[in-house]
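Text of the file run-v1.pdb, holding PDB, C-alpha atoms:
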```pdb
ATOM      1  CA  MET A  51      99.295  68.089 104.100
ATOM      2  CA  ILE A  52     100.046  64.504 105.148
ATOM      3  CA  LYS A  53     102.123  63.874 108.268
ATOM      4  CA  ALA A  54     104.991  62.275 106.319
ATOM      5  CA  LEU A  55     105.500  65.449 104.270
ATOM      6  CA  GLU A  56     105.237  67.602 107.401
ATOM      7  CA  ALA A  57     107.941  65.438 108.982
ATOM      8  CA  LEU A  58     110.183  65.842 105.926
ATOM      9  CA  LEU A  59     109.738  69.622 105.959
ATOM     10  CA  ASP A  60     110.584  69.642 109.676
ATOM     11  CA  LEU A  61     113.715  67.636 108.828
ATOM     12  CA  LEU A  62     114.803  70.367 106.417
ATOM     13  CA  ASP A  63     114.041  73.173 108.878
ATOM     14  CA  LEU A  64     117.512  73.348 110.450
ATOM     15  CA  GLU A  65     118.222  74.860 113.840
ATOM     16  CA  GLN A  66     120.624  77.805 113.715
ATOM     17  CA  ILE A  67     123.052  77.464 116.627
ATOM     18  CA  GLU A  68     125.518  80.214 115.680
ATOM     19  CA  GLU A  69     126.156  82.536 112.763
ATOM     20  CA  ASP A  70     126.653  80.270 109.710
ATOM     21  CA  ILE A  71     126.364  77.112 111.849
ATOM     22  CA  PHE A  72     123.256  74.943 111.725
ATOM     23  CA  ARG A  73     122.161  71.656 113.249
ATOM     24  CA  GLY A  74     119.943  68.990 111.737
ATOM     25  CA  VAL A  75     118.552  65.660 112.830
ATOM     26  CA  SER A  76     117.955  62.503 110.823
ATOM     27  CA  ARG A  77     114.950  60.327 110.136
ATOM     28  CA  SER A  78     114.731  56.563 110.005
ATOM     29  CA  ALA A  79     116.295  55.245 106.810
ATOM     30  CA  ILE A  80     115.887  52.034 104.866
ATOM     31  CA  VAL A  81     119.513  51.144 105.659
ATOM     32  CA  PRO A  82     121.357  51.789 108.973
ATOM     33  CA  ARG A  83     122.990  55.035 107.832
ATOM     34  CA  VAL A  84     121.810  58.535 107.020
ATOM     35  CA  PHE A  85     120.156  58.799 103.600
ATOM     36  CA  GLY A  86     122.467  60.738 101.289
ATOM     37  CA  GLY A  87     119.666  62.837  99.826
ATOM     38  CA  GLN A  88     118.822  64.058 103.301
ATOM     39  CA  VAL A  89     122.359  65.294 103.998
ATOM     40  CA  ALA A  90     122.597  66.966 100.590
ATOM     41  CA  ALA A  91     119.238  68.703 101.020
ATOM     42  CA  GLN A  92     120.027  69.858 104.563
ATOM     43  CA  ALA A  93     123.426  71.192 103.470
ATOM     44  CA  LEU A  94     121.753  73.154 100.674
ATOM     45  CA  VAL A  95     119.260  74.562 103.185
ATOM     46  CA  ALA A  96     122.182  75.711 105.359
ATOM     47  CA  ALA A  97     123.917  77.347 102.386
ATOM     48  CA  GLY A  98     120.704  78.991 101.189
ATOM     49  CA  ARG A  99     120.000  80.573 104.565
ATOM     50  CA  THR A 100     123.195  82.649 104.248
ATOM     51  CA  VAL A 101     122.317  83.959 100.773
ATOM     52  CA  PRO A 102     120.062  86.919  99.822
ATOM     53  CA  GLY A 103     116.573  85.785  98.852
ATOM     54  CA  ASP A 104     116.838  87.134  95.296
ATOM     55  CA  ARG A 105     119.707  84.723  94.505
ATOM     56  CA  LEU A 106     118.553  81.271  93.463
ATOM     57  CA  ALA A 107     120.549  78.041  93.629
ATOM     58  CA  HIS A 108     121.864  77.136  90.180
ATOM     59  CA  SER A 109     124.356  74.349  90.974
ATOM     60  CA  LEU A 110     125.773  72.102  93.667
ATOM     61  CA  HIS A 111     128.710  69.712  93.820
ATOM     62  CA  ALA A 112     129.051  67.328  96.739
ATOM     63  CA  TYR A 113     131.100  64.440  98.119
ATOM     64  CA  PHE A 114     129.878  61.801 100.546
ATOM     65  CA  LEU A 115     132.876  61.207 102.809
ATOM     66  CA  ARG A 116     131.682  58.875 105.576
ATOM     67  CA  PRO A 117     128.449  57.045 106.408
ATOM     68  CA  GLY A 118     126.223  59.206 108.604
ATOM     69  CA  ASP A 119     124.975  58.053 111.992
ATOM     70  CA  PRO A 120     121.152  58.395 112.007
ATOM     71  CA  GLY A 121     121.132  58.510 115.800
ATOM     72  CA  ALA A 122     123.287  61.630 116.113
ATOM     73  CA  PRO A 123     122.714  65.270 115.091
ATOM     74  CA  ILE A 124     124.567  66.674 112.089
ATOM     75  CA  VAL A 125     126.284  70.062 112.351
ATOM     76  CA  TYR A 126     126.532  72.098 109.136
ATOM     77  CA  THR A 127     129.169  74.836 108.966
ATOM     78  CA  VAL A 128     128.852  77.327 106.100
ATOM     79  CA  ASP A 129     131.836  79.191 104.636
ATOM     80  CA  ARG A 130     130.955  82.347 102.717
ATOM     81  CA  ILE A 131     133.385  81.842  99.861
ATOM     82  CA  ARG A 132     132.265  84.682  97.591
ATOM     83  CA  ASP A 133     129.567  87.327  97.275
ATOM     84  CA  GLY A 134     129.781  88.835  93.805
ATOM     85  CA  ARG A 135     127.499  91.141  91.858
ATOM     86  CA  SER A 136     125.668  88.230  90.194
ATOM     87  CA  PHE A 137     126.882  85.059  91.886
ATOM     88  CA  THR A 138     127.244  83.882  95.472
ATOM     89  CA  THR A 139     129.289  80.807  96.417
ATOM     90  CA  ARG A 140     129.031  78.812  99.625
ATOM     91  CA  ARG A 141     130.892  75.795 100.987
ATOM     92  CA  VAL A 142     129.239  73.562 103.593
ATOM     93  CA  VAL A 143     130.844  70.850 105.720
ATOM     94  CA  ALA A 144     128.603  68.381 107.580
ATOM     95  CA  VAL A 145     130.157  66.986 110.772
ATOM     96  CA  GLN A 146     129.258  64.127 113.101
ATOM     97  CA  HIS A 147     131.295  62.833 116.048
ATOM     98  CA  GLY A 148     134.022  65.353 115.231
ATOM     99  CA  GLN A 149     134.532  64.122 111.657
ATOM    100  CA  PRO A 150     133.324  65.469 108.306
ATOM    101  CA  ILE A 151     130.821  63.153 106.652
ATOM    102  CA  PHE A 152     129.821  65.336 103.697
ATOM    103  CA  HIS A 153     131.097  68.323 101.745
ATOM    104  CA  LEU A 154     129.035  70.611  99.511
ATOM    105  CA  SER A 155     129.815  73.553  97.265
ATOM    106  CA  ALA A 156     126.807  75.503  96.013
ATOM    107  CA  SER A 157     126.419  78.526  93.768
ATOM    108  CA  PHE A 158     123.534  81.011  93.656
ATOM    109  CA  GLN A 159     122.713  83.624  91.009
ATOM    110  CA  THR A 160     120.485  86.630  90.581
ATOM    111  CA  TYR A 161     117.955  86.169  87.756
ATOM    112  CA  GLU A 162     118.981  87.423  84.338
ATOM    113  CA  GLU A 163     117.872  87.004  80.726
ATOM    114  CA  GLY A 164     120.084  84.999  78.364
ATOM    115  CA  LEU A 165     120.315  82.559  75.484
ATOM    116  CA  GLU A 166     117.781  79.720  75.589
ATOM    117  CA  HIS A 167     117.809  76.141  74.319
ATOM    118  CA  GLN A 168     117.281  72.703  75.843
ATOM    119  CA  ALA A 169     117.274  68.982  75.104
ATOM    120  CA  ASP A 170     113.824  67.689  74.225
ATOM    121  CA  MET A 171     111.867  65.799  76.835
ATOM    122  CA  PRO A 172     111.823  62.046  76.040
ATOM    123  CA  PRO A 173     108.541  60.159  75.651
ATOM    124  CA  ALA A 174     106.986  59.004  78.924
ATOM    125  CA  PRO A 175     103.510  57.844  79.959
ATOM    126  CA  ASP A 176     101.164  59.992  82.016
ATOM    127  CA  PRO A 177     102.207  59.565  85.668
ATOM    128  CA  GLU A 178      98.597  59.160  86.751
ATOM    129  CA  THR A 179      98.444  55.905  84.750
ATOM    130  CA  LEU A 180     101.370  54.335  86.647
ATOM    131  CA  PRO A 181     101.179  52.307  89.881
ATOM    132  CA  THR A 182     101.978  54.021  93.175
ATOM    133  CA  ALA A 183     104.698  52.670  95.457
ATOM    134  CA  ALA A 184     102.024  51.121  97.688
ATOM    135  CA  GLN A 185     100.631  49.261  94.675
ATOM    136  CA  MET A 186     104.005  48.257  93.202
ATOM    137  CA  LEU A 187     106.345  47.335  96.055
ATOM    138  CA  PRO A 188     104.343  44.411  97.549
ATOM    139  CA  ARG A 189     104.607  42.657  94.171
ATOM    140  CA  TYR A 190     108.352  42.264  94.720
ATOM    141  CA  ALA A 191     108.404  41.337  98.419
ATOM    142  CA  ASP A 192     109.640  37.815  97.598
ATOM    143  CA  HIS A 193     112.674  39.278  95.810
ATOM    144  CA  PHE A 194     114.040  40.894  98.970
ATOM    145  CA  LEU A 195     116.241  39.255 101.589
ATOM    146  CA  ASP A 196     114.023  40.770 104.280
ATOM    147  CA  ARG A 197     110.292  41.085 103.620
ATOM    148  CA  GLY A 198     110.243  44.008 106.050
ATOM    149  CA  VAL A 199     112.058  46.059 103.387
ATOM    150  CA  VAL A 200     108.727  46.826 101.723
ATOM    151  CA  ASP A 201     107.363  48.504 104.847
ATOM    152  CA  ARG A 202     110.609  50.416 105.401
ATOM    153  CA  MET A 203     110.649  51.632 101.800
ATOM    154  CA  LEU A 204     107.039  52.758 101.990
ATOM    155  CA  GLU A 205     107.693  54.599 105.250
ATOM    156  CA  ALA A 206     110.887  56.261 103.969
ATOM    157  CA  ARG A 207     109.172  57.445 100.776
ATOM    158  CA  ALA A 208     105.754  58.330 102.184
ATOM    159  CA  ALA A 209     106.354  62.066 101.702
ATOM    160  CA  VAL A 210     106.990  61.622  97.979
ATOM    161  CA  ASP A 211     104.794  60.057  95.302
ATOM    162  CA  LEU A 212     107.409  58.243  93.185
ATOM    163  CA  ARG A 213     106.233  56.109  90.263
ATOM    164  CA  TYR A 214     108.406  53.909  88.042
ATOM    165  CA  VAL A 215     107.671  53.881  84.309
ATOM    166  CA  ASP A 216     109.125  50.345  83.971
ATOM    167  CA  ALA A 217     109.978  47.679  86.533
ATOM    168  CA  PRO A 218     112.653  48.774  89.036
ATOM    169  CA  PRO A 219     115.945  46.823  89.264
ATOM    170  CA  TYR A 220     114.609  44.493  91.961
ATOM    171  CA  GLY A 221     111.715  43.640  89.645
ATOM    172  CA  SER A 222     113.903  42.168  86.901
ATOM    173  CA  VAL A 223     116.779  40.438  88.708
ATOM    174  CA  GLY A 224     118.924  38.346  86.374
ATOM    175  CA  GLU A 225     117.623  40.096  83.250
ATOM    176  CA  PRO A 226     120.077  42.741  81.970
ATOM    177  CA  ARG A 227     118.285  45.652  80.332
ATOM    178  CA  GLU A 228     119.155  48.902  78.638
ATOM    179  CA  PRO A 229     120.791  51.110  81.287
ATOM    180  CA  ARG A 230     117.934  53.597  81.386
ATOM    181  CA  SER A 231     115.262  54.256  83.973
ATOM    182  CA  GLN A 232     112.426  56.741  84.285
ATOM    183  CA  VAL A 233     110.422  57.745  87.320
ATOM    184  CA  TRP A 234     107.856  60.462  87.897
ATOM    185  CA  PHE A 235     107.838  62.158  91.300
ATOM    186  CA  ARG A 236     106.199  64.921  93.290
ATOM    187  CA  THR A 237     105.641  65.599  96.969
ATOM    188  CA  ASN A 238     102.506  64.165  98.559
ATOM    189  CA  GLY A 239     101.047  67.595  99.275
ATOM    190  CA  LYS A 240     101.318  71.241  98.311
ATOM    191  CA  LEU A 241     104.327  73.306  99.312
ATOM    192  CA  ALA A 242     104.961  76.964 100.061
ATOM    193  CA  ASP A 243     106.245  79.140  97.216
ATOM    194  CA  ASP A 244     109.841  79.386  98.543
ATOM    195  CA  PRO A 245     112.097  78.446  95.543
ATOM    196  CA  LEU A 246     114.854  77.145  97.875
ATOM    197  CA  LEU A 247     112.411  74.665  99.406
ATOM    198  CA  HIS A 248     111.531  73.195  96.005
ATOM    199  CA  VAL A 249     115.208  72.933  95.025
ATOM    200  CA  CYS A 250     116.065  71.220  98.321
ATOM    201  CA  LEU A 251     113.222  68.711  97.978
ATOM    202  CA  ALA A 252     114.305  67.854  94.426
ATOM    203  CA  THR A 253     117.830  67.365  95.791
ATOM    204  CA  TYR A 254     116.447  65.017  98.440
ATOM    205  CA  VAL A 255     114.602  62.870  95.874
ATOM    206  CA  SER A 256     117.453  62.901  93.344
ATOM    207  CA  ASP A 257     119.487  60.443  95.443
ATOM    208  CA  MET A 258     116.724  57.811  95.602
ATOM    209  CA  THR A 259     116.967  56.178  92.175
ATOM    210  CA  LEU A 260     119.868  57.625  90.167
ATOM    211  CA  LEU A 261     122.042  54.497  90.247
ATOM    212  CA  ASP A 262     119.146  52.227  89.170
ATOM    213  CA  SER A 263     120.339  52.361  85.585
ATOM    214  CA  VAL A 264     123.737  50.945  86.611
ATOM    215  CA  LEU A 265     121.996  47.931  88.145
ATOM    216  CA  LEU A 266     119.694  47.446  85.162
ATOM    217  CA  ALA A 267     122.629  47.071  82.785
ATOM    218  CA  HIS A 268     123.799  44.003  84.728
ATOM    219  CA  GLY A 269     120.510  42.477  85.838
ATOM    220  CA  ARG A 270     121.236  43.303  89.470
ATOM    221  CA  GLY A 271     118.463  43.962  91.944
ATOM    222  CA  GLY A 272     120.301  46.150  94.438
ATOM    223  CA  TRP A 273     121.177  46.103  98.116
ATOM    224  CA  ALA A 274     117.736  44.817  99.163
ATOM    225  CA  THR A 275     118.172  41.660  97.077
ATOM    226  CA  GLY A 276     121.743  41.120  98.286
ATOM    227  CA  ASP A 277     123.392  40.983  94.858
ATOM    228  CA  VAL A 278     125.273  44.300  95.186
ATOM    229  CA  VAL A 279     126.521  46.583  97.915
ATOM    230  CA  GLY A 280     127.026  50.261  97.355
ATOM    231  CA  ALA A 281     126.872  53.875  98.447
ATOM    232  CA  SER A 282     126.889  57.313  96.867
ATOM    233  CA  LEU A 283     130.324  58.847  96.333
ATOM    234  CA  ASP A 284     129.616  62.233  94.779
ATOM    235  CA  HIS A 285     126.649  64.161  93.439
ATOM    236  CA  ALA A 286     126.239  67.185  91.192
ATOM    237  CA  MET A 287     123.146  69.117  90.119
ATOM    238  CA  TRP A 288     122.450  72.098  87.879
ATOM    239  CA  PHE A 289     119.134  73.944  88.249
ATOM    240  CA  HIS A 290     118.255  75.412  84.847
ATOM    241  CA  ARG A 291     114.663  76.635  85.095
ATOM    242  CA  PRO A 292     112.029  77.224  87.776
ATOM    243  CA  PHE A 293     109.968  74.222  88.850
ATOM    244  CA  ARG A 294     107.780  73.044  91.694
ATOM    245  CA  ALA A 295     108.543  69.845  93.588
ATOM    246  CA  ASP A 296     104.827  69.459  94.372
ATOM    247  CA  GLU A 297     104.037  69.095  90.650
ATOM    248  CA  TRP A 298     104.971  66.079  88.513
ATOM    249  CA  LEU A 299     108.634  65.904  87.457
ATOM    250  CA  LEU A 300     110.061  63.297  85.089
ATOM    251  CA  TYR A 301     113.421  61.885  86.228
ATOM    252  CA  ASP A 302     115.018  60.428  83.077
ATOM    253  CA  GLN A 303     118.134  58.478  84.104
ATOM    254  CA  GLU A 304     120.866  56.504  82.345
ATOM    255  CA  SER A 305     124.276  54.999  83.066
ATOM    256  CA  PRO A 306     127.082  55.555  80.525
ATOM    257  CA  SER A 307     129.697  53.577  82.468
ATOM    258  CA  ALA A 308     130.532  51.186  85.291
ATOM    259  CA  SER A 309     134.089  50.125  86.151
ATOM    260  CA  GLY A 310     136.500  49.779  89.044
ATOM    261  CA  GLY A 311     133.738  49.034  91.545
ATOM    262  CA  ARG A 312     131.998  52.301  90.649
ATOM    263  CA  GLY A 313     128.961  53.141  88.539
ATOM    264  CA  LEU A 314     128.001  56.470  86.975
ATOM    265  CA  GLY A 315     124.452  57.727  86.641
ATOM    266  CA  GLN A 316     123.367  60.839  84.773
ATOM    267  CA  ALA A 317     119.896  62.273  84.430
ATOM    268  CA  ARG A 318     117.647  65.099  83.350
ATOM    269  CA  ILE A 319     114.568  66.222  85.245
ATOM    270  CA  TYR A 320     111.702  67.734  83.245
ATOM    271  CA  THR A 321     108.493  69.455  84.238
ATOM    272  CA  GLN A 322     105.335  67.781  82.974
ATOM    273  CA  ASP A 323     104.977  70.426  80.244
ATOM    274  CA  GLY A 324     108.441  69.574  78.865
ATOM    275  CA  ARG A 325     110.798  72.179  80.340
ATOM    276  CA  LEU A 326     114.268  70.919  81.301
ATOM    277  CA  ALA A 327     114.529  71.916  84.965
ATOM    278  CA  ILE A 328     117.566  70.059  86.350
ATOM    279  CA  SER A 329     120.592  68.047  85.218
ATOM    280  CA  VAL A 330     122.092  65.499  87.643
ATOM    281  CA  ILE A 331     125.228  63.331  87.735
ATOM    282  CA  GLN A 332     126.211  60.884  90.461
ATOM    283  CA  GLU A 333     128.893  58.255  90.923
ATOM    284  CA  GLY A 334     128.547  55.521  93.494
ATOM    285  CA  VAL A 335     130.284  52.431  94.774
ATOM    286  CA  VAL A 336     128.643  49.395  93.155
ATOM    287  CA  ARG A 337     130.319  46.161  94.250
ATOM    288  CA  VAL A 338     129.355  42.535  93.807
ATOM    289  CA  PRO A 339     129.584  40.738  97.184
ATOM    290  CA  ARG A 340     132.343  38.136  97.377
TER
END
```

Take the structure in the file and give it back as structure tokens.
Amino acid sequence: MIKALEALLDLLDLEQIEEDIFRGVSRSAIVPRVFGGQVAAQALVAAGRTVPGDRLAHSLHAYFLRPGDPGAPIVYTVDRIRDGRSFTTRRVVAVQHGQPIFHLSASFQTYEEGLEHQADMPPAPDPETLPTAAQMLPRYADHFLDRGVVDRMLEARAAVDLRYVDAPPYGSVGEPREPRSQVWFRTNGKLADDPLLHVCLATYVSDMTLLDSVLLAHGRGGWATGDVVGASLDHAMWFHRPFRADEWLLYDQESPSASGGRGLGQARIYTQDGRLAISVIQEGVVRVPR
């Protein structure tokens, strides 16, 4: 296992400081605030550690309330909202400097048989034929306000092999495109068989690219090119079927709307053999600098 993935797993291994209270630290981010996917994944870890092991996460709904301080620990307090015969519900509040920065509600369910159908997986090329981040990002260094962004992006994403099917937003600045984006991703190394770990790692990655499709619709390159500023507002995920985050997953993303300084992204995540594993929706602030 590479050191970057070990560091990410350590990041998700929260310290328990009291019953239903956990503490996490942050890692260096591309921007001077805590990465939203990190907070969401850590909060789900905290919730999952208060739930029986036979109950798997099936949904989460979260709000990003304040920017996180990467230099300070984050305290996660879990409220045991409900423990039913089939479902368990938890609420998690993440606090820094005495103020809530993030709120999560998560639901867990015991396995049961039921009706089955799913949306078909869209066409996508074999991920092994696509360029890695290390091969792709240097091509766009001249598009960024700070050439050091490439190194920071590579460092922040070293634990995950994330490959764009088409050019990312910063690769087509000034050229509006269909508001759709696809990426393949998997961790850069094998993981243990703990289902909660795979769900938390998918949650971590899900915040990396979901608003790309908003930018594509308007030919905007993103924060690194200086033509928009933004941040995640809320995030929801539904976990439909088992999957492994250390095997290729297709993240098929689109944006149905942008208005009022906000943009909406929605997505489906498929396993490489075509099973719909996760549905995701996120709204974020997307503003054009004055």

For the file shown, report as an mmCIF file with C-alpha atoms, in the frame of the given file the outcome of the PyMOL selection byres ((chain A and resi 218-234) around 7) at residue level.
```cif
data_model
loop_
_atom_site.group_PDB
_atom_site.id
_atom_site.type_symbol
_atom_site.label_atom_id
_atom_site.label_comp_id
_atom_site.auth_asym_id
_atom_site.auth_seq_id
_atom_site.Cartn_x
_atom_site.Cartn_y
_atom_site.Cartn_z
ATOM 1 C CA PRO A 177 102.207 59.565 85.668
ATOM 2 C CA TYR A 190 108.352 42.264 94.720
ATOM 3 C CA HIS A 193 112.674 39.278 95.810
ATOM 4 C CA LEU A 212 107.409 58.243 93.185
ATOM 5 C CA ARG A 213 106.233 56.109 90.263
ATOM 6 C CA TYR A 214 108.406 53.909 88.042
ATOM 7 C CA VAL A 215 107.671 53.881 84.309
ATOM 8 C CA ASP A 216 109.125 50.345 83.971
ATOM 9 C CA ALA A 217 109.978 47.679 86.533
ATOM 10 C CA PHE A 235 107.838 62.158 91.300
ATOM 11 C CA ASP A 262 119.146 52.227 89.170
ATOM 12 C CA SER A 263 120.339 52.361 85.585
ATOM 13 C CA VAL A 264 123.737 50.945 86.611
ATOM 14 C CA LEU A 265 121.996 47.931 88.145
ATOM 15 C CA LEU A 266 119.694 47.446 85.162
ATOM 16 C CA ALA A 267 122.629 47.071 82.785
ATOM 17 C CA HIS A 268 123.799 44.003 84.728
ATOM 18 C CA GLY A 269 120.510 42.477 85.838
ATOM 19 C CA ARG A 270 121.236 43.303 89.470
ATOM 20 C CA GLY A 271 118.463 43.962 91.944
ATOM 21 C CA GLY A 272 120.301 46.150 94.438
ATOM 22 C CA THR A 275 118.172 41.660 97.077
ATOM 23 C CA TRP A 298 104.971 66.079 88.513
ATOM 24 C CA LEU A 299 108.634 65.904 87.457
ATOM 25 C CA LEU A 300 110.061 63.297 85.089
ATOM 26 C CA TYR A 301 113.421 61.885 86.228
ATOM 27 C CA ASP A 302 115.018 60.428 83.077
ATOM 28 C CA GLN A 303 118.134 58.478 84.104
ATOM 29 C CA GLU A 304 120.866 56.504 82.345
ATOM 30 C CA SER A 305 124.276 54.999 83.066
#
```

Would you list the contacts of Val89 (chain A) as a compact mmCIF listing (two decimals) with C-alpha atoms, in the frame of the given file, taking every protein, DNA or RNA residue within 12 Å and counting all atoms listed in the file, but skipping same-chain residues closer than 6 positions in sequence?
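out27.txt, freshly written:
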```
# COMPACT_ATOMS: atom_id res chain seq x y z
CA LEU A 61 113.72 67.64 108.83
CA LEU A 62 114.80 70.37 106.42
CA LEU A 64 117.51 73.35 110.45
CA ARG A 73 122.16 71.66 113.25
CA GLY A 74 119.94 68.99 111.74
CA VAL A 75 118.55 65.66 112.83
CA SER A 76 117.96 62.50 110.82
CA ARG A 77 114.95 60.33 110.14
CA ARG A 83 122.99 55.04 107.83
CA VAL A 95 119.26 74.56 103.18
CA ALA A 96 122.18 75.71 105.36
CA ALA A 112 129.05 67.33 96.74
CA TYR A 113 131.10 64.44 98.12
CA PHE A 114 129.88 61.80 100.55
CA LEU A 115 132.88 61.21 102.81
CA ARG A 116 131.68 58.88 105.58
CA PRO A 117 128.45 57.04 106.41
CA GLY A 118 126.22 59.21 108.60
CA ASP A 119 124.98 58.05 111.99
CA PRO A 120 121.15 58.40 112.01
CA PRO A 123 122.71 65.27 115.09
CA ILE A 124 124.57 66.67 112.09
CA VAL A 125 126.28 70.06 112.35
CA TYR A 126 126.53 72.10 109.14
CA VAL A 142 129.24 73.56 103.59
CA VAL A 143 130.84 70.85 105.72
CA ALA A 144 128.60 68.38 107.58
CA VAL A 145 130.16 66.99 110.77
CA GLN A 146 129.26 64.13 113.10
CA PRO A 150 133.32 65.47 108.31
CA ILE A 151 130.82 63.15 106.65
CA PHE A 152 129.82 65.34 103.70
CA HIS A 153 131.10 68.32 101.74
CA LEU A 154 129.04 70.61 99.51
CA CYS A 250 116.06 71.22 98.32
CA LEU A 251 113.22 68.71 97.98
CA THR A 253 117.83 67.36 95.79
CA TYR A 254 116.45 65.02 98.44
CA VAL A 255 114.60 62.87 95.87
CA SER A 256 117.45 62.90 93.34
CA ASP A 257 119.49 60.44 95.44
CA SER A 282 126.89 57.31 96.87
CA HIS A 285 126.65 64.16 93.44
```

Subject >> Close residues, Pro173 (chain A) itself excluded, 10 Å, all atoms listed in the file, min 2 positions apart in chain, as a list in words >> reply: Asp170, Met171, Pro175, Asp176, Asp302 and Gly324 of chain A

Subject >> the PyMOL selection byres ((chain A and resi 243) around 12) resolved against shown file, as a list in words >> reply: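 When the PyMOL selection byres ((chain A and resi 243) around 12) is applied, the selected residues are Lys240, Leu241, Ala242, Asp244, Pro245, Leu246, Leu247, His248, Val249, Pro292, Phe293, Arg294, Ala295 and Asp296 of chain A.
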
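Of the residues listed (A:His111, A:Ala281, A:Gln149, A:Ile328), A:Ala281 shows the shortest atom-to-atom separation from Val84 (chain A); distances use all atoms listed in the file.
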
**OP:** For region 159-163 of chain A, work out the shell of residues within 12 Å, counting only C-alpha atoms and skipping chain neighbours fewer than 2 positions away, then give it as a list of chain:residue names.
**Re:** A:Gly98, A:Val101, A:Pro102, A:Gly103, A:Asp104, A:Arg105, A:Leu106, A:Ala107, A:His108, A:Ser109, A:Arg132, A:Asp133, A:Gly134, A:Arg135, A:Ser136, A:Phe137, A:Thr138, A:Thr139, A:Arg140, A:Ala156, A:Ser157, A:Leu165, A:Glu166, A:Trp288, A:Phe289, A:His290, A:Arg291, A:Pro292

Would you write out those residues with C-alpha atoms, as a short mmCIF file (atom, residue, chain, number, x, y, z; two decimals), in the coordinates of the input?
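The resulting again12.cif:
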```cif
data_model
loop_
_atom_site.label_atom_id
_atom_site.label_comp_id
_atom_site.auth_asym_id
_atom_site.auth_seq_id
_atom_site.Cartn_x
_atom_site.Cartn_y
_atom_site.Cartn_z
CA GLY A 98 120.70 78.99 101.19
CA VAL A 101 122.32 83.96 100.77
CA PRO A 102 120.06 86.92 99.82
CA GLY A 103 116.57 85.78 98.85
CA ASP A 104 116.84 87.13 95.30
CA ARG A 105 119.71 84.72 94.50
CA LEU A 106 118.55 81.27 93.46
CA ALA A 107 120.55 78.04 93.63
CA HIS A 108 121.86 77.14 90.18
CA SER A 109 124.36 74.35 90.97
CA ARG A 132 132.26 84.68 97.59
CA ASP A 133 129.57 87.33 97.28
CA GLY A 134 129.78 88.84 93.80
CA ARG A 135 127.50 91.14 91.86
CA SER A 136 125.67 88.23 90.19
CA PHE A 137 126.88 85.06 91.89
CA THR A 138 127.24 83.88 95.47
CA THR A 139 129.29 80.81 96.42
CA ARG A 140 129.03 78.81 99.62
CA ALA A 156 126.81 75.50 96.01
CA SER A 157 126.42 78.53 93.77
CA LEU A 165 120.32 82.56 75.48
CA GLU A 166 117.78 79.72 75.59
CA TRP A 288 122.45 72.10 87.88
CA PHE A 289 119.13 73.94 88.25
CA HIS A 290 118.26 75.41 84.85
CA ARG A 291 114.66 76.64 85.10
CA PRO A 292 112.03 77.22 87.78
#
```

Original post:
What is the CA of Arg99 (chain A) to CA of Asn238 (chain A) distance in Å?
Top reply: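 It comes out at 24.7 Å.
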
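CA of Gly86 (chain A) is positioned 22.9 Å from CA of Ala184 (chain A).
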
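Reported to one decimal place, the separation of CA of Gly239 (chain A) from CA of Pro181 (chain A) is 17.9 Å.
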
Original post:
Of the candidates A:Gln185, A:Ser309, A:Gln92, A:Thr179, which one gets nearest to Val338 (chain A) if we count all atoms listed in the file?
Top reply: A:Ser309

The centre and edge lengths of an axis-aligned box containing all atoms of region 124-133 of chain A present in the file, extended by 5 Å on each side, are to be given in Å to one decimal, as lines of an AutoDock Vina configuration file.
```
center_x = 129.0
center_y = 77.0
center_z = 104.8
size_x = 18.8
size_y = 30.7
size_z = 25.1
```

Original post:
So what does the PyMOL selection byres ((chain A and resi 70) around 7) actually pick up in this one, as an MDAnalysis selection string?
Top reply: chainID A and resid 68:69 71:72 100 127:128

Print the selection's residues with C-alpha atoms to a file, as a PDB file, in the frame of the given file.
```pdb
ATOM      1  CA  GLU A  68     125.518  80.214 115.680  1.00  0.00           C
ATOM      2  CA  GLU A  69     126.156  82.536 112.763  1.00  0.00           C
ATOM      3  CA  ILE A  71     126.364  77.112 111.849  1.00  0.00           C
ATOM      4  CA  PHE A  72     123.256  74.943 111.725  1.00  0.00           C
ATOM      5  CA  THR A 100     123.195  82.649 104.248  1.00  0.00           C
ATOM      6  CA  THR A 127     129.169  74.836 108.966  1.00  0.00           C
ATOM      7  CA  VAL A 128     128.852  77.327 106.100  1.00  0.00           C
TER       8      VAL A 128
END
```
